[in-house]
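Below you'll find the structure, written out as structure tokens, and then a few comments.
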Amino acid sequence: MSKDSEYLNRLQDYYAEWKNIPSYAKLCEVFGIASKSWVKAILTRLADADFIERTPDGRWIPTRQFFSRPHAESTVQAGMPVSVTATQGEYFVIDEMLVDTPSKTTLITVKGDSMVDAGIQDGDVAVVEKRLTANIGDIVVAIVDNDFTLKTLDKENGAFILRPANPAYPVIRPQGTLEIFGVLIGLVRKYKR
């Protein structure tokens, strides 16, 4: 599947932009080939490799495997450099790493800088598992006096409080209700170029 991986990459890029698998004629252009029969053969091989499948009405659609990304076997040092031993390992779907219970998981864009010391920045996307309870020390999305906030759950004098991770912000001591909406289970950040 050496050349097919290049075709798969082109198809994934096209899908990321247009959210569909196009006609054979358009795929000739995407793949850089002239023959629709070659396109059909490529799609059949990608289907055999479980990257795409046909719907009952005959349209091509992506499978879960289509959205998998390479995961390097080696780690990357955030300190001193180390030698590279392997650049590619298994493939996995990002959802499988971040989401345990899809029906209870939601994505929420972070606004503000009250959690920067916890590594959470303005514009990040919080992966939140909806739960009514949380443990002390969990980073939670809470509803405090009818407002949403993302903070660390803590307790003070027997009452629940919410701690920011930025000394410029005060601890939130609810005057009325404190309701847990969910617990932070992951974070997604796209770096701007």
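Residue numbers start at 1 in each chain; chains themselves are named A, B, ... in the order of the structure tokens; ligands are numbered from 1 in the order shown.
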
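Neighbours of Arg10 (chain A) closer than or equal to 7 Å, with only C-alpha atoms counted and sequence neighbours fewer than 3 positions away skipped, come out as Glu6, Tyr7, Asp13, Tyr14, Val30 and Phe31 of chain A.
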
message: Which residues are near region 127-129 of chain A? Cut-off 10 Å, only C-alpha atoms, ignore same chain within fewer than 4 positions. Put them as a PyMOL selection string.
response: chain A and resi 98-109+139-141+181-188

Got time to write the residues from that selection, C-alpha atoms, as a PDB file, in the first residue's frame?
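Heads up, here's the output in part_35.pdb:
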```
ATOM      1  CA  LEU A  98      -9.439  11.514  24.626  1.00  0.00           C
ATOM      2  CA  VAL A  99     -12.996  10.195  24.814  1.00  0.00           C
ATOM      3  CA  ASP A 100     -14.144   7.312  27.004  1.00  0.00           C
ATOM      4  CA  THR A 101     -17.894   7.911  26.801  1.00  0.00           C
ATOM      5  CA  PRO A 102     -18.894   9.728  23.602  1.00  0.00           C
ATOM      6  CA  SER A 103     -22.498  10.269  24.708  1.00  0.00           C
ATOM      7  CA  LYS A 104     -21.286  12.161  27.806  1.00  0.00           C
ATOM      8  CA  THR A 105     -18.473  14.124  26.163  1.00  0.00           C
ATOM      9  CA  THR A 106     -18.651  17.663  24.873  1.00  0.00           C
ATOM     10  CA  LEU A 107     -16.116  20.150  23.544  1.00  0.00           C
ATOM     11  CA  ILE A 108     -16.047  23.679  24.966  1.00  0.00           C
ATOM     12  CA  THR A 109     -13.823  26.519  23.768  1.00  0.00           C
ATOM     13  CA  ILE A 139     -10.525  20.693  36.810  1.00  0.00           C
ATOM     14  CA  VAL A 140     -14.234  21.158  36.275  1.00  0.00           C
ATOM     15  CA  VAL A 141     -16.711  23.104  34.242  1.00  0.00           C
ATOM     16  CA  PHE A 181     -21.425  20.360  34.674  1.00  0.00           C
ATOM     17  CA  GLY A 182     -18.445  18.125  33.866  1.00  0.00           C
ATOM     18  CA  VAL A 183     -14.804  17.224  34.407  1.00  0.00           C
ATOM     19  CA  LEU A 184     -11.933  18.148  32.091  1.00  0.00           C
ATOM     20  CA  ILE A 185     -10.547  14.956  30.543  1.00  0.00           C
ATOM     21  CA  GLY A 186      -8.459  16.419  27.734  1.00  0.00           C
ATOM     22  CA  LEU A 187      -7.406  19.529  25.920  1.00  0.00           C
ATOM     23  CA  VAL A 188      -6.968  20.344  22.252  1.00  0.00           C
TER      24      VAL A 188
END
```

task: Just give me the gap between CA of Leu132 (chain A) and CA of Gln175 (chain A) in Å, one decimal is fine.
output: 19.3 Å

- prompt: Residues of region 6-182 of chain A in helix (DSSP H, G or I) according to DSSP, as JSON, numbers by chain?
  reply: {"A": [6, 7, 8, 9, 10, 11, 12, 13, 14, 15, 16, 17, 18, 24, 25, 26, 27, 28, 29, 30, 31, 36, 37, 38, 39, 40, 41, 42, 43, 44, 45, 46, 47, 48, 64, 65, 66, 67, 94, 95, 96, 97, 98, 102, 103, 104, 116, 117, 118]}

field: Which of region 5-183 of chain A fall in strand (DSSP E), as a count of residues only
entry: 50

Residues within 10 Å of Lys26 (chain A), only C-alpha atoms, excluding chain neighbours under 5 positions, as a list in words: Ile21, Phe31, Gly32, Lys36 and Val39 of chain A

message: Report as a PyMOL selection string all protein, DNA and RNA residues lying within 12 Å of Leu153 (chain A), evaluated on only C-alpha atoms, omitting residues in the same chain fewer than 4 positions from it.
response: chain A and resi 133-144+149+159-165+171-174+178-184

Residue selection dump (C-alpha atoms) as a PDB file, in the first residue's frame:
```pdb
ATOM      1  CA  THR A 133     -19.930  15.001  40.713  1.00  0.00           C
ATOM      2  CA  ALA A 134     -16.180  15.554  40.779  1.00  0.00           C
ATOM      3  CA  ASN A 135     -13.255  14.985  43.115  1.00  0.00           C
ATOM      4  CA  ILE A 136     -11.277  17.649  44.905  1.00  0.00           C
ATOM      5  CA  GLY A 137      -8.438  18.617  42.572  1.00  0.00           C
ATOM      6  CA  ASP A 138     -10.375  17.906  39.363  1.00  0.00           C
ATOM      7  CA  ILE A 139     -10.525  20.693  36.810  1.00  0.00           C
ATOM      8  CA  VAL A 140     -14.234  21.158  36.275  1.00  0.00           C
ATOM      9  CA  VAL A 141     -16.711  23.104  34.242  1.00  0.00           C
ATOM     10  CA  ALA A 142     -19.050  24.385  36.905  1.00  0.00           C
ATOM     11  CA  ILE A 143     -22.170  26.493  36.968  1.00  0.00           C
ATOM     12  CA  VAL A 144     -21.737  29.069  39.711  1.00  0.00           C
ATOM     13  CA  THR A 149     -16.539  28.666  34.568  1.00  0.00           C
ATOM     14  CA  ALA A 159     -17.631  24.377  51.473  1.00  0.00           C
ATOM     15  CA  PHE A 160     -16.756  23.801  47.833  1.00  0.00           C
ATOM     16  CA  ILE A 161     -14.777  26.530  46.112  1.00  0.00           C
ATOM     17  CA  LEU A 162     -13.246  26.959  42.665  1.00  0.00           C
ATOM     18  CA  ARG A 163      -9.572  27.856  42.335  1.00  0.00           C
ATOM     19  CA  PRO A 164      -8.165  29.618  39.286  1.00  0.00           C
ATOM     20  CA  ALA A 165      -4.682  28.747  38.032  1.00  0.00           C
ATOM     21  CA  VAL A 171     -10.894  32.127  44.332  1.00  0.00           C
ATOM     22  CA  ILE A 172     -14.592  31.685  43.576  1.00  0.00           C
ATOM     23  CA  ARG A 173     -16.652  31.178  46.707  1.00  0.00           C
ATOM     24  CA  PRO A 174     -20.222  30.653  45.479  1.00  0.00           C
ATOM     25  CA  LEU A 178     -22.407  25.512  42.650  1.00  0.00           C
ATOM     26  CA  GLU A 179     -23.292  22.791  40.164  1.00  0.00           C
ATOM     27  CA  ILE A 180     -20.797  20.524  38.419  1.00  0.00           C
ATOM     28  CA  PHE A 181     -21.425  20.360  34.674  1.00  0.00           C
ATOM     29  CA  GLY A 182     -18.445  18.125  33.866  1.00  0.00           C
ATOM     30  CA  VAL A 183     -14.804  17.224  34.407  1.00  0.00           C
ATOM     31  CA  LEU A 184     -11.933  18.148  32.091  1.00  0.00           C
TER      32      LEU A 184
END
```

- prompt: Near Phe51 (chain A), within 8 Å and counting only C-alpha atoms, which residues show up once chain neighbours fewer than 2 positions away are dropped, as a PyMOL selection string?
  reply: chain A and resi 46-49+53+62-66

Can those selected residues be exported to a file as a compact mmCIF listing (two decimals), in the first residue's frame so that it contains N, CA and C atoms?
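Contents of again23.txt, freshly written:
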```txt
# COMPACT_ATOMS: atom_id res chain seq x y z
N LEU A 46 -8.43 0.89 -0.74
CA LEU A 46 -8.62 1.63 0.52
C LEU A 46 -9.77 1.03 1.33
N ALA A 47 -10.79 0.54 0.64
CA ALA A 47 -11.90 -0.13 1.33
C ALA A 47 -11.43 -1.46 1.92
N ASP A 48 -10.63 -2.20 1.17
CA ASP A 48 -10.10 -3.47 1.68
C ASP A 48 -9.21 -3.26 2.91
N ALA A 49 -8.57 -2.09 2.97
CA ALA A 49 -7.73 -1.74 4.13
C ALA A 49 -8.54 -1.08 5.24
N GLU A 53 -15.74 2.91 3.12
CA GLU A 53 -16.73 1.87 2.86
C GLU A 53 -17.87 2.48 2.06
N PRO A 62 -16.04 7.67 4.81
CA PRO A 62 -14.88 7.26 5.62
C PRO A 62 -15.30 6.35 6.77
N THR A 63 -14.40 5.47 7.16
CA THR A 63 -14.59 4.65 8.36
C THR A 63 -13.85 5.32 9.52
N ARG A 64 -13.92 4.74 10.68
CA ARG A 64 -13.15 5.27 11.82
C ARG A 64 -11.66 5.27 11.52
N GLN A 65 -11.20 4.22 10.86
CA GLN A 65 -9.78 4.10 10.55
C GLN A 65 -9.29 5.25 9.66
N PHE A 66 -10.18 5.79 8.85
CA PHE A 66 -9.86 6.92 7.96
C PHE A 66 -9.34 8.11 8.78
```

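Considering the residues A:Met97, A:Leu43, A:Ala168, A:Leu8 and counting only C-alpha atoms, Tyr24 (chain A) has its shortest atom-to-atom contact with A:Leu43.
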
query: Using only C-alpha atoms, which residues sit within 10 Å of Ile120 (chain A) once same-chain residues fewer than 4 positions away are excluded, as a ChimeraX atom specification?
result: /A:110-116,124-126,150,165,187-189

- request: State, in Å with one decimal place, the distance from CA of Phe148 (chain A) to CA of Thr177 (chain A).
  value: 11.7 Å

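Going from CA of Trp60 (chain A) over to CA of Ala34 (chain A), you cover 19.8 Å.
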